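Structure data (mmCIF, C-alpha atoms and all ligand atoms) from final22.cif:
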```cif
data_target
#
loop_
_atom_site.label_atom_id
_atom_site.label_comp_id
_atom_site.auth_asym_id
_atom_site.auth_seq_id
_atom_site.Cartn_x
_atom_site.Cartn_y
_atom_site.Cartn_z
CA MET A 1264 27.12 -19.75 8.40
CA LYS A 1265 27.61 -17.49 5.38
CA THR A 1266 25.52 -14.69 3.97
CA TYR A 1267 25.31 -13.58 0.33
CA LEU A 1268 23.50 -10.81 -1.47
CA VAL A 1269 21.59 -12.44 -4.38
CA GLY A 1270 19.31 -11.89 -7.34
CA GLY A 1271 18.11 -8.51 -8.48
CA ALA A 1272 20.37 -6.46 -6.20
CA VAL A 1273 23.55 -8.05 -7.61
CA ARG A 1274 22.26 -7.74 -11.17
CA ASP A 1275 21.28 -4.09 -10.80
CA GLU A 1276 24.49 -3.14 -9.02
CA LEU A 1277 26.58 -4.66 -11.85
CA LEU A 1278 24.39 -2.87 -14.39
CA GLY A 1279 24.84 0.41 -12.57
CA LEU A 1280 21.10 0.64 -11.91
CA PRO A 1281 19.63 1.77 -8.58
CA VAL A 1282 19.13 -1.17 -6.20
CA LYS A 1283 15.59 -1.25 -4.82
CA ASP A 1284 15.37 -4.11 -2.39
CA ARG A 1285 18.04 -6.51 -1.28
CA ASP A 1286 17.58 -10.25 -0.85
CA TRP A 1287 20.04 -12.47 0.96
CA VAL A 1288 20.82 -16.17 0.97
CA VAL A 1289 22.23 -17.90 4.04
CA THR A 1290 24.18 -21.17 3.80
CA GLY A 1291 25.20 -23.49 6.61
CA ALA A 1292 22.45 -22.45 9.01
CA THR A 1293 19.31 -24.02 10.44
CA PRO A 1294 15.98 -22.24 11.07
CA GLU A 1295 16.65 -22.56 14.82
CA GLU A 1296 19.94 -20.67 14.51
CA MET A 1297 18.21 -17.91 12.55
CA LEU A 1298 15.50 -17.57 15.21
CA GLN A 1299 18.17 -17.49 17.93
CA ARG A 1300 19.79 -14.55 16.15
CA GLY A 1301 16.54 -12.65 16.30
CA PHE A 1302 15.35 -13.22 12.73
CA LYS A 1303 11.60 -13.56 12.25
CA GLN A 1304 10.33 -16.37 10.05
CA VAL A 1305 7.90 -15.33 7.32
CA GLY A 1306 5.58 -18.08 6.16
CA ALA A 1307 5.62 -21.54 7.65
CA ASP A 1308 6.59 -23.58 4.54
CA PHE A 1309 9.52 -21.53 3.31
CA PRO A 1310 12.77 -21.02 5.20
CA VAL A 1311 12.67 -17.24 4.69
CA PHE A 1312 13.37 -14.80 7.51
CA LEU A 1313 13.28 -11.07 8.12
CA HIS A 1314 16.33 -9.33 9.55
CA PRO A 1315 15.45 -7.92 13.00
CA LYS A 1316 16.65 -4.39 12.08
CA SER A 1317 16.82 -3.94 8.30
CA ARG A 1318 13.68 -6.07 7.66
CA GLU A 1319 15.45 -7.39 4.55
CA GLU A 1320 14.75 -10.97 3.47
CA TYR A 1321 17.19 -13.71 4.38
CA ALA A 1322 16.41 -17.09 2.84
CA LEU A 1323 18.14 -20.32 3.78
CA ALA A 1324 19.75 -21.84 0.69
CA ARG A 1325 17.23 -24.22 -0.86
CA THR A 1326 16.56 -26.42 -3.83
CA GLU A 1327 13.18 -26.90 -5.45
CA ARG A 1328 11.81 -29.83 -7.36
CA LYS A 1329 8.75 -29.89 -9.50
CA GLN A 1330 5.98 -32.39 -8.75
CA GLY A 1331 2.84 -31.07 -10.42
CA ARG A 1332 1.81 -28.65 -13.17
CA GLY A 1333 1.64 -24.88 -13.17
CA TYR A 1334 2.97 -22.74 -10.40
CA HIS A 1335 2.04 -25.25 -7.70
CA GLY A 1336 3.70 -28.48 -6.84
CA PHE A 1337 7.24 -27.49 -5.85
CA THR A 1338 8.96 -29.51 -3.19
CA VAL A 1339 11.35 -27.32 -1.26
CA TYR A 1340 14.46 -28.82 0.28
CA SER A 1341 16.46 -26.74 2.68
CA ALA A 1342 19.29 -27.84 4.98
CA PRO A 1343 22.67 -26.48 6.14
CA ASP A 1344 24.38 -28.59 3.45
CA VAL A 1345 22.54 -26.98 0.50
CA THR A 1346 25.23 -25.02 -1.36
CA LEU A 1347 25.01 -21.52 -2.73
CA GLU A 1348 25.45 -22.94 -6.27
CA ALA A 1349 22.50 -25.29 -5.77
CA ASP A 1350 20.37 -22.36 -4.63
CA LEU A 1351 21.43 -20.21 -7.60
CA LYS A 1352 20.67 -23.07 -9.99
CA ARG A 1353 16.92 -23.01 -9.23
CA ARG A 1354 16.69 -19.38 -10.35
CA ASP A 1355 15.16 -18.20 -13.63
CA LEU A 1356 17.75 -16.19 -15.58
CA THR A 1357 21.54 -16.19 -15.45
CA ILE A 1358 21.60 -12.45 -14.74
CA ASN A 1359 19.37 -13.16 -11.70
CA ALA A 1360 21.51 -16.10 -10.54
CA MET A 1361 24.57 -14.32 -9.19
CA ALA A 1362 25.57 -13.74 -5.59
CA LYS A 1363 27.94 -11.40 -3.78
CA SER A 1364 29.74 -12.45 -0.62
CA THR A 1365 30.12 -10.11 2.35
CA ALA A 1366 33.77 -9.68 1.21
CA GLY A 1367 32.49 -8.31 -2.12
CA GLU A 1368 33.36 -11.34 -4.25
CA ILE A 1369 30.91 -12.15 -7.07
CA VAL A 1370 29.78 -15.79 -7.28
CA ASP A 1371 28.63 -16.46 -10.83
CA PRO A 1372 28.44 -20.16 -11.72
CA PHE A 1373 26.07 -19.75 -14.71
CA GLY A 1374 27.68 -16.98 -16.72
CA GLY A 1375 25.50 -14.13 -15.52
CA ARG A 1376 28.24 -11.54 -16.06
CA ASP A 1377 28.81 -12.72 -19.62
CA ASP A 1378 25.10 -12.36 -20.29
CA LEU A 1379 25.05 -8.91 -18.70
CA ARG A 1380 27.82 -7.91 -21.09
CA GLY A 1381 26.16 -9.66 -24.06
CA ARG A 1382 22.76 -8.19 -23.08
CA LYS A 1383 21.06 -11.59 -23.01
CA LEU A 1384 18.20 -12.94 -20.93
CA ARG A 1385 19.10 -16.61 -20.72
CA HIS A 1386 17.65 -19.46 -18.63
CA VAL A 1387 19.92 -20.94 -15.97
CA SER A 1388 19.02 -24.58 -16.63
CA GLU A 1389 16.36 -26.78 -18.20
CA ALA A 1390 14.54 -26.58 -14.85
CA PHE A 1391 13.32 -23.20 -16.15
CA ALA A 1392 10.55 -25.21 -17.85
CA GLU A 1393 9.13 -26.28 -14.49
CA ASP A 1394 7.51 -22.93 -13.82
CA PRO A 1395 5.52 -21.12 -16.55
CA LEU A 1396 5.57 -17.93 -14.51
CA ARG A 1397 9.19 -17.63 -15.66
CA ILE A 1398 7.95 -16.94 -19.20
CA LEU A 1399 6.12 -13.88 -17.90
CA ARG A 1400 9.07 -12.84 -15.76
CA THR A 1401 11.44 -13.13 -18.71
CA ALA A 1402 9.08 -11.04 -20.85
CA ARG A 1403 8.93 -8.48 -18.07
CA PHE A 1404 12.72 -8.28 -17.71
CA ALA A 1405 12.88 -7.86 -21.49
CA ALA A 1406 10.46 -4.93 -21.14
CA ARG A 1407 12.54 -3.45 -18.35
CA LEU A 1408 16.00 -3.89 -19.85
CA GLN A 1409 15.15 -3.31 -23.52
CA PRO A 1410 16.46 0.27 -23.37
CA GLN A 1411 19.85 -1.14 -22.28
CA GLY A 1412 19.85 -3.43 -25.32
CA PHE A 1413 18.77 -6.70 -23.70
CA SER A 1414 16.85 -9.39 -25.56
CA VAL A 1415 15.79 -12.97 -24.92
CA ALA A 1416 18.48 -15.52 -25.89
CA ASP A 1417 17.48 -17.75 -28.82
CA SER A 1418 17.79 -20.92 -26.74
CA THR A 1419 15.54 -19.43 -24.05
CA MET A 1420 12.97 -18.34 -26.62
CA ALA A 1421 13.01 -21.90 -28.02
CA LEU A 1422 12.50 -23.34 -24.53
CA MET A 1423 9.62 -20.93 -23.85
CA ARG A 1424 7.98 -21.98 -27.14
CA GLN A 1425 8.32 -25.60 -26.10
CA MET A 1426 6.72 -24.82 -22.74
CA VAL A 1427 3.81 -23.12 -24.51
CA ASP A 1428 3.41 -26.12 -26.86
CA ASP A 1429 3.37 -28.41 -23.83
CA GLY A 1430 0.43 -26.44 -22.43
CA GLU A 1431 2.34 -25.15 -19.41
CA VAL A 1432 0.91 -21.63 -19.73
CA ASP A 1433 -2.67 -22.96 -19.40
CA HIS A 1434 -1.90 -23.84 -15.80
CA LEU A 1435 -1.07 -20.34 -14.62
CA VAL A 1436 -3.58 -18.90 -12.18
CA PRO A 1437 -5.09 -15.54 -13.26
CA GLU A 1438 -3.86 -13.77 -10.11
CA ARG A 1439 -0.21 -14.46 -10.97
CA VAL A 1440 -0.72 -13.56 -14.61
CA TRP A 1441 -2.36 -10.29 -13.65
CA GLN A 1442 0.40 -9.46 -11.19
CA GLU A 1443 2.99 -9.81 -13.96
CA ILE A 1444 0.88 -7.85 -16.47
CA GLN A 1445 0.35 -5.08 -13.95
CA ARG A 1446 4.09 -4.82 -13.29
CA ALA A 1447 4.89 -5.09 -17.00
CA LEU A 1448 2.58 -2.15 -17.77
CA HIS A 1449 4.95 0.01 -15.72
CA GLU A 1450 8.27 -1.27 -17.10
CA ASN A 1451 10.42 0.90 -19.38
CA GLU A 1452 9.13 -0.59 -22.63
CA PRO A 1453 5.82 -2.24 -21.72
CA GLY A 1454 5.15 -3.13 -25.36
CA THR A 1455 8.18 -5.44 -25.34
CA PHE A 1456 6.48 -7.61 -22.69
CA PHE A 1457 3.65 -8.38 -25.10
CA GLU A 1458 6.03 -8.81 -28.05
CA VAL A 1459 7.99 -11.49 -26.20
CA LEU A 1460 4.74 -13.22 -25.17
CA ARG A 1461 3.55 -13.12 -28.78
CA ASP A 1462 6.88 -14.43 -30.09
CA CYS A 1463 6.87 -17.45 -27.80
CA GLY A 1464 3.17 -18.15 -28.37
CA ALA A 1465 2.01 -17.39 -24.82
CA LEU A 1466 -0.08 -14.39 -25.89
CA ALA A 1467 -2.49 -16.79 -27.63
CA THR A 1468 -3.42 -18.08 -24.17
CA ILE A 1469 -3.10 -14.92 -22.11
CA ILE A 1470 -4.77 -12.25 -24.30
CA PRO A 1471 -5.57 -14.02 -27.59
CA GLU A 1472 -7.71 -11.10 -28.83
CA LEU A 1473 -4.57 -9.00 -29.24
CA GLU A 1474 -3.29 -11.31 -31.95
CA GLN A 1475 -6.04 -10.62 -34.50
CA GLY A 1476 -5.05 -8.66 -37.61
CA ASP A 1477 -3.77 -5.14 -36.97
CA THR A 1478 -4.89 -5.24 -33.36
CA PHE A 1479 -1.46 -5.96 -31.93
CA SER A 1480 0.36 -2.95 -33.33
CA ALA A 1481 -2.57 -0.66 -32.50
CA ALA A 1482 -2.63 -1.97 -28.92
CA ILE A 1483 1.11 -1.57 -28.44
CA GLY A 1484 1.05 1.92 -29.96
CA ALA A 1485 -1.71 2.98 -27.58
CA LEU A 1486 0.12 1.45 -24.62
CA ARG A 1487 3.36 3.26 -25.52
CA CYS A 1488 1.43 6.51 -25.63
CA ALA A 1489 -0.09 5.86 -22.18
CA HIS A 1490 3.38 5.04 -20.88
CA ARG A 1491 4.82 8.29 -22.29
CA GLY A 1492 1.98 10.13 -20.58
CA ASN A 1493 3.04 8.54 -17.28
CA SER A 1494 -0.50 7.22 -16.84
CA GLY A 1495 -1.72 4.92 -14.08
CA THR A 1496 -2.40 1.20 -14.44
CA ASP A 1497 -6.08 1.62 -15.33
CA THR A 1498 -5.28 3.96 -18.21
CA ARG A 1499 -2.41 1.83 -19.50
CA PHE A 1500 -4.57 -1.28 -19.48
CA ALA A 1501 -7.49 0.54 -21.14
CA ALA A 1502 -5.12 1.82 -23.85
CA LEU A 1503 -3.83 -1.72 -24.45
CA MET A 1504 -7.36 -3.09 -24.74
CA SER A 1505 -8.65 -0.14 -26.78
CA PRO A 1506 -8.54 -1.83 -30.23
CA LEU A 1507 -10.73 -4.72 -28.99
CA LYS A 1508 -14.49 -4.97 -29.30
CA PRO A 1509 -16.21 -3.96 -26.03
CA ALA A 1510 -17.41 -7.52 -25.31
CA GLU A 1511 -13.93 -8.93 -25.93
CA ALA A 1512 -12.29 -6.36 -23.66
CA VAL A 1513 -14.84 -6.89 -20.89
CA ASN A 1514 -14.58 -10.69 -20.98
CA ARG A 1515 -10.81 -10.76 -21.15
CA ALA A 1516 -10.38 -8.23 -18.33
CA ALA A 1517 -12.72 -10.33 -16.17
CA GLN A 1518 -10.91 -13.58 -16.99
CA LEU A 1519 -7.61 -11.95 -16.09
CA LYS A 1520 -9.22 -10.91 -12.80
CA ALA A 1521 -7.99 -7.37 -13.39
CA PRO A 1522 -9.00 -5.03 -10.54
CA ASN A 1523 -12.44 -3.42 -10.91
CA GLY A 1524 -11.01 -0.04 -11.88
CA CYS A 1525 -9.09 -1.62 -14.77
CA GLN A 1526 -12.05 -3.66 -15.94
CA ASP A 1527 -14.30 -0.64 -15.75
CA LEU A 1528 -12.06 1.74 -17.68
CA ALA A 1529 -11.39 -0.87 -20.38
CA ARG A 1530 -15.16 -1.36 -20.77
CA LEU A 1531 -15.88 2.35 -20.93
CA THR A 1532 -13.04 3.09 -23.35
CA THR A 1533 -13.93 0.36 -25.83
CA SER A 1534 -17.66 1.07 -25.67
CA LEU A 1535 -17.27 4.83 -26.17
CA ILE A 1536 -14.79 4.70 -29.06
CA PRO A 1537 -17.46 3.98 -31.73
CA GLN A 1538 -19.73 6.68 -30.31
CA ILE A 1539 -16.96 9.25 -30.31
CA ARG A 1540 -15.96 8.34 -33.83
CA ALA A 1541 -19.57 8.89 -34.92
CA MET A 1542 -19.84 12.24 -33.14
CA LYS A 1543 -20.54 15.31 -35.30
CA ALA A 1544 -19.69 18.93 -34.49
CA GLY A 1545 -22.49 20.93 -32.92
CA LYS A 1546 -24.50 17.95 -31.71
CA ALA A 1547 -25.03 18.73 -28.04
CA GLU A 1548 -27.22 15.63 -27.57
CA THR A 1549 -24.49 13.19 -28.54
CA LEU A 1550 -21.90 15.01 -26.46
CA LEU A 1551 -24.17 14.84 -23.45
CA GLY A 1552 -24.89 11.18 -24.22
CA VAL A 1553 -21.18 10.34 -23.97
CA LEU A 1554 -20.74 12.40 -20.80
CA ASP A 1555 -23.76 10.67 -19.22
CA GLU A 1556 -22.51 7.23 -20.17
CA ALA A 1557 -19.12 8.04 -18.64
CA ASP A 1558 -21.00 9.34 -15.57
CA VAL A 1559 -18.68 12.33 -15.58
CA TRP A 1560 -20.92 14.06 -13.02
CA ARG A 1561 -20.02 11.62 -10.28
CA ARG A 1562 -16.76 10.20 -11.68
CA SER A 1563 -14.66 13.16 -12.82
CA ASP A 1564 -11.39 11.42 -11.87
CA ARG A 1565 -12.24 8.40 -13.95
CA PHE A 1566 -13.30 10.71 -16.78
CA ALA A 1567 -9.81 12.25 -16.80
CA GLU A 1568 -8.34 8.74 -17.08
CA LEU A 1569 -10.83 7.93 -19.82
CA LEU A 1570 -9.73 11.00 -21.80
CA SER A 1571 -6.07 9.95 -21.41
CA ALA A 1572 -6.86 6.44 -22.65
CA LEU A 1573 -8.91 7.80 -25.57
CA LYS A 1574 -6.16 10.23 -26.48
CA CYS A 1575 -3.88 7.24 -26.98
CA ALA A 1576 -6.52 5.12 -28.68
CA LEU A 1577 -8.08 7.45 -31.26
CA PRO A 1578 -6.42 8.35 -34.58
CA ASP A 1579 -5.36 11.97 -35.13
CA PRO A 1580 -8.43 13.18 -37.02
CA GLU A 1581 -10.64 12.12 -34.09
CA GLN A 1582 -8.58 13.85 -31.41
CA VAL A 1583 -10.43 17.17 -31.81
CA LYS A 1584 -13.53 15.47 -30.41
CA LEU A 1585 -11.85 14.93 -27.07
CA GLY A 1586 -11.55 18.70 -26.87
CA TRP A 1587 -15.29 19.02 -27.51
CA LEU A 1588 -15.97 16.53 -24.72
CA GLU A 1589 -13.75 18.40 -22.30
CA SER A 1590 -15.36 21.76 -23.09
CA ALA A 1591 -18.80 20.19 -22.75
CA GLN A 1592 -17.82 18.72 -19.40
CA HIS A 1593 -16.62 22.09 -18.12
CA ALA A 1594 -19.71 23.87 -19.40
CA ALA A 1595 -22.18 21.36 -17.99
CA THR A 1596 -20.68 20.47 -14.61
CA GLY A 1597 -21.69 23.91 -13.35
CA VAL A 1598 -25.34 22.90 -13.40
CA GLN A 1599 -26.48 22.74 -9.77
CA ALA A 1600 -29.39 20.55 -8.74
CA LYS A 1601 -29.77 22.82 -5.70
CA THR A 1602 -30.40 25.94 -7.79
CA LEU A 1603 -33.04 24.14 -9.83
CA MET A 1604 -34.70 22.80 -6.68
CA GLU A 1605 -34.94 26.33 -5.35
CA GLN A 1606 -36.74 27.17 -8.56
CA GLY A 1607 -39.34 24.53 -7.59
CA PHE A 1608 -38.23 21.48 -9.60
CA LYS A 1609 -38.46 18.10 -7.95
CA GLY A 1610 -38.58 14.38 -8.74
CA LYS A 1611 -38.64 13.42 -12.39
CA GLU A 1612 -38.99 17.05 -13.44
CA LEU A 1613 -35.81 17.92 -11.62
CA GLY A 1614 -33.95 15.29 -13.62
CA GLU A 1615 -35.32 16.73 -16.85
CA ALA A 1616 -34.49 20.27 -15.83
CA ILE A 1617 -30.90 19.29 -15.06
CA ARG A 1618 -30.60 17.60 -18.40
CA ASN A 1619 -32.12 20.54 -20.28
CA GLU A 1620 -29.82 23.00 -18.56
CA ARG A 1621 -26.77 20.89 -19.36
CA LEU A 1622 -27.90 20.65 -22.99
CA ARG A 1623 -28.49 24.39 -23.16
CA ARG A 1624 -25.00 25.14 -21.87
CA ILE A 1625 -23.35 22.65 -24.22
CA SER A 1626 -25.31 24.04 -27.20
CA ALA A 1627 -24.33 27.60 -26.30
CA LEU A 1628 -20.72 26.47 -26.29
CA ASN A 1629 -21.01 25.01 -29.77
CA GLN A 1630 -22.43 28.23 -31.13
CA THR A 1631 -19.44 30.19 -29.92
CA GLN A 1632 -16.87 27.69 -31.22
P1 LIG A 1701 13.06 -6.88 -9.11
O1 LIG A 1701 13.99 -5.76 -9.40
O2 LIG A 1701 11.84 -6.87 -9.97
O3 LIG A 1701 12.76 -7.10 -7.66
P2 LIG A 1701 14.40 -9.40 -8.85
O4 LIG A 1701 15.38 -10.11 -9.76
O5 LIG A 1701 14.89 -9.01 -7.50
O6 LIG A 1701 13.85 -8.17 -9.65
P3 LIG A 1701 12.31 -10.83 -7.48
O7 LIG A 1701 10.95 -11.14 -8.00
O8 LIG A 1701 12.44 -9.87 -6.37
O9 LIG A 1701 13.17 -10.35 -8.75
O10 LIG A 1701 12.99 -12.22 -7.12
C1 LIG A 1701 14.29 -12.29 -6.51
C2 LIG A 1701 15.11 -13.38 -7.18
O11 LIG A 1701 14.48 -14.64 -6.98
C3 LIG A 1701 15.28 -13.26 -8.68
O12 LIG A 1701 16.39 -12.46 -9.02
C4 LIG A 1701 15.47 -14.71 -9.09
O13 LIG A 1701 16.80 -15.10 -8.87
C5 LIG A 1701 14.60 -15.46 -8.13
N1 LIG A 1701 13.25 -15.75 -8.61
C6 LIG A 1701 12.12 -15.07 -8.34
N2 LIG A 1701 11.05 -15.65 -8.90
C7 LIG A 1701 11.50 -16.75 -9.54
C8 LIG A 1701 10.89 -17.80 -10.29
N3 LIG A 1701 9.57 -17.81 -10.51
N4 LIG A 1701 11.69 -18.78 -10.77
C9 LIG A 1701 13.01 -18.78 -10.54
N5 LIG A 1701 13.65 -17.83 -9.85
C10 LIG A 1701 12.91 -16.83 -9.34
MG MG A 1702 13.61 -8.13 -5.95
#
```
Represent the structure from my file as structure tokens, please.
Amino acid sequence: MKTYLVGGAVRDELLGLPVKDRDWVVTGATPEEMLQRGFKQVGADFPVFLHPKSREEYALARTERKQGRGYHGFTVYSAPDVTLEADLKRRDLTINAMAKSTAGEIVDPFGGRDDLRGRKLRHVSEAFAEDPLRILRTARFAARLQPQGFSVADSTMALMRQMVDDGEVDHLVPERVWQEIQRALHENEPGTFFEVLRDCGALATIIPELEQGDTFSAAIGALRCAHRGNSGTDTRFAALMSPLKPAEAVNRAAQLKAPNGCQDLARLTTSLIPQIRAMKAGKAETLLGVLDEADVWRRSDRFAELLSALKCALPDPEQVKLGWLESAQHAATGVQAKTLMEQGFKGKELGEAIRNERLRRISALNQTQ
């Protein structure tokens, strides 16, 4: 029985990047032997085990063969005679298909080190085409390693285009697509993820609305800005979707099965942009209208995210209006229902009194500006 460090840990170590989690491959062992050694099996179908102490993943060497379309339909074959090379061959990119023995020797049958040096993301074999998720993974590694000078190899880009033409991307389930998008939004150059998807044609299936006219560059610009601001996922996604029409953004976010917070902020951002653009100085009513629609009174955290997304979405001349909104928020949040109730307001009248007091405070603010 032999144990090898594989995948991302070997890649990152050779690149001089911090290693996050370590995955291991075991050859020449059976599941029974692993269990005897105290490993815990995770999942019934896959021969993957957790180390009793380190909790790191140890997978028995395996091969995979494709039987159906999309992510499903892999037949896994694992036995003590499956070699390390055979296991590495089923992997996506050459830089992810290297192993390191316990003696420190690098096993690199597919030229991973050459591609690390040449800064290329290259598929290991034609079997890459069996899993469309690999297109998204490749785009995500491009987004991560772009600052180090990596790009997708021409032959891999050609293969990804072929996969798109063959309709492979249509078979991805939204959950997997969203998972990759969510991760990509936090990579070093998130815009590169969408550029690679556009270049291979996959964007036309995943977020086709981004491809219209000037939308793409506006979306990527807004996303870059949200990334520079170290924003959370909701804000990054809202920034990306910000050039879309509200209905487009809402439908796409729902189809992608984005989490509710993401869907919600994308909806709010796209629906408020036209209103903010139309806003005129000194108009307390419109300011209050926007604050009400954003429900800033109950959702101040989300409002802060909304402002961050808008900051990245609006052109320079409109930015001043975000300052008006913030001042209006600060002026009007001080209005206490309790105080007005003590003054005798209740029911519908209380609602009106709150509104009038908020308006009064926002108007007063405008007069002093
Ligand atoms: P990260 O730093 O994001 O964890 P990673 O390379 O470790 O990067 P994982 O998603 O943790 O990526 O997967 C571990 C390894 O498994 C990869 O390096 C790759 O060799 C292989 N792998 C994962 N998913 C696929 C896939 N869909 N197709 C082929 N190989 C894959
Ligand atoms: Mg990993």
If the limit is 9 Å from any atom of ligand LIG 1701 (chain A), counting only C-alpha atoms and all ligand atoms, which residues qualify? Return them as a ChimeraX atom specification. /A:1269-1275,1282-1286,1334,1351-1361,1391,1393-1398,1400,1403-1404,1446
Could you write out that same residue set with C-alpha atoms as an mmCIF file, keeping the file's coordinate frame?
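Listing of out04.cif after writing:
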```
data_model
loop_
_atom_site.group_PDB
_atom_site.id
_atom_site.type_symbol
_atom_site.label_atom_id
_atom_site.label_comp_id
_atom_site.auth_asym_id
_atom_site.auth_seq_id
_atom_site.Cartn_x
_atom_site.Cartn_y
_atom_site.Cartn_z
ATOM 1 C CA VAL A 1269 21.590 -12.440 -4.380
ATOM 2 C CA GLY A 1270 19.310 -11.890 -7.340
ATOM 3 C CA GLY A 1271 18.110 -8.510 -8.480
ATOM 4 C CA ALA A 1272 20.370 -6.460 -6.200
ATOM 5 C CA VAL A 1273 23.550 -8.050 -7.610
ATOM 6 C CA ARG A 1274 22.260 -7.740 -11.170
ATOM 7 C CA ASP A 1275 21.280 -4.090 -10.800
ATOM 8 C CA VAL A 1282 19.130 -1.170 -6.200
ATOM 9 C CA LYS A 1283 15.590 -1.250 -4.820
ATOM 10 C CA ASP A 1284 15.370 -4.110 -2.390
ATOM 11 C CA ARG A 1285 18.040 -6.510 -1.280
ATOM 12 C CA ASP A 1286 17.580 -10.250 -0.850
ATOM 13 C CA TYR A 1334 2.970 -22.740 -10.400
ATOM 14 C CA LEU A 1351 21.430 -20.210 -7.600
ATOM 15 C CA LYS A 1352 20.670 -23.070 -9.990
ATOM 16 C CA ARG A 1353 16.920 -23.010 -9.230
ATOM 17 C CA ARG A 1354 16.690 -19.380 -10.350
ATOM 18 C CA ASP A 1355 15.160 -18.200 -13.630
ATOM 19 C CA LEU A 1356 17.750 -16.190 -15.580
ATOM 20 C CA THR A 1357 21.540 -16.190 -15.450
ATOM 21 C CA ILE A 1358 21.600 -12.450 -14.740
ATOM 22 C CA ASN A 1359 19.370 -13.160 -11.700
ATOM 23 C CA ALA A 1360 21.510 -16.100 -10.540
ATOM 24 C CA MET A 1361 24.570 -14.320 -9.190
ATOM 25 C CA PHE A 1391 13.320 -23.200 -16.150
ATOM 26 C CA GLU A 1393 9.130 -26.280 -14.490
ATOM 27 C CA ASP A 1394 7.510 -22.930 -13.820
ATOM 28 C CA PRO A 1395 5.520 -21.120 -16.550
ATOM 29 C CA LEU A 1396 5.570 -17.930 -14.510
ATOM 30 C CA ARG A 1397 9.190 -17.630 -15.660
ATOM 31 C CA ILE A 1398 7.950 -16.940 -19.200
ATOM 32 C CA ARG A 1400 9.070 -12.840 -15.760
ATOM 33 C CA ARG A 1403 8.930 -8.480 -18.070
ATOM 34 C CA PHE A 1404 12.720 -8.280 -17.710
ATOM 35 C CA ARG A 1446 4.090 -4.820 -13.290
#
```
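Take the candidates A:Pro1281, A:Gly1301, A:Gly1454, A:Pro1471 and check each one against ligand MG 1702 (chain A) using all atoms listed in the file; the shortest distance goes to A:Pro1281.
All protein and nucleic acid residues in the vicinity of (-23.9, 14.7, -12.2), that is within 10 Å when counting all atoms listed in the file, are Leu1554, Asp1555, Asp1558, Val1559, Trp1560, Arg1561, Arg1562, Ser1563, Ala1595, Thr1596, Gly1597, Val1598, Gln1599, Ala1600, Ile1617, Arg1618 and Arg1621 of chain A.
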For the residues selected in the previous step, produce a file with C-alpha atoms as an mmCIF file, keeping the file's coordinate frame.
```cif
data_model
loop_
_atom_site.group_PDB
_atom_site.id
_atom_site.type_symbol
_atom_site.label_atom_id
_atom_site.label_comp_id
_atom_site.auth_asym_id
_atom_site.auth_seq_id
_atom_site.Cartn_x
_atom_site.Cartn_y
_atom_site.Cartn_z
ATOM 1 C CA LEU A 1554 -20.740 12.400 -20.800
ATOM 2 C CA ASP A 1555 -23.760 10.670 -19.220
ATOM 3 C CA ASP A 1558 -21.000 9.340 -15.570
ATOM 4 C CA VAL A 1559 -18.680 12.330 -15.580
ATOM 5 C CA TRP A 1560 -20.920 14.060 -13.020
ATOM 6 C CA ARG A 1561 -20.020 11.620 -10.280
ATOM 7 C CA ARG A 1562 -16.760 10.200 -11.680
ATOM 8 C CA SER A 1563 -14.660 13.160 -12.820
ATOM 9 C CA ALA A 1595 -22.180 21.360 -17.990
ATOM 10 C CA THR A 1596 -20.680 20.470 -14.610
ATOM 11 C CA GLY A 1597 -21.690 23.910 -13.350
ATOM 12 C CA VAL A 1598 -25.340 22.900 -13.400
ATOM 13 C CA GLN A 1599 -26.480 22.740 -9.770
ATOM 14 C CA ALA A 1600 -29.390 20.550 -8.740
ATOM 15 C CA ILE A 1617 -30.900 19.290 -15.060
ATOM 16 C CA ARG A 1618 -30.600 17.600 -18.400
ATOM 17 C CA ARG A 1621 -26.770 20.890 -19.360
#
```
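Between ligand MG 1702 (chain A) and the residues A:Ser1626, A:Trp1287, A:Leu1570, A:Ile1444, the shortest atom-to-atom distance, using all atoms listed in the file, involves A:Trp1287.
With only C-alpha atoms and all ligand atoms as the atoms that count, the residue of A:Leu1622, A:Arg1565, A:Glu1320, A:Thr1532 with the shortest distance to ligand MG 1702 (chain A) is A:Glu1320.
For Leu1585 of chain A, the set of protein, DNA and RNA residues having any atom at most 10 Å away, when counting all atoms listed in the file and skipping those fewer than 6 positions along the same chain, is Ile1539, Leu1570, Ser1571, Leu1573, Lys1574, Leu1577 and Ala1591 of chain A.
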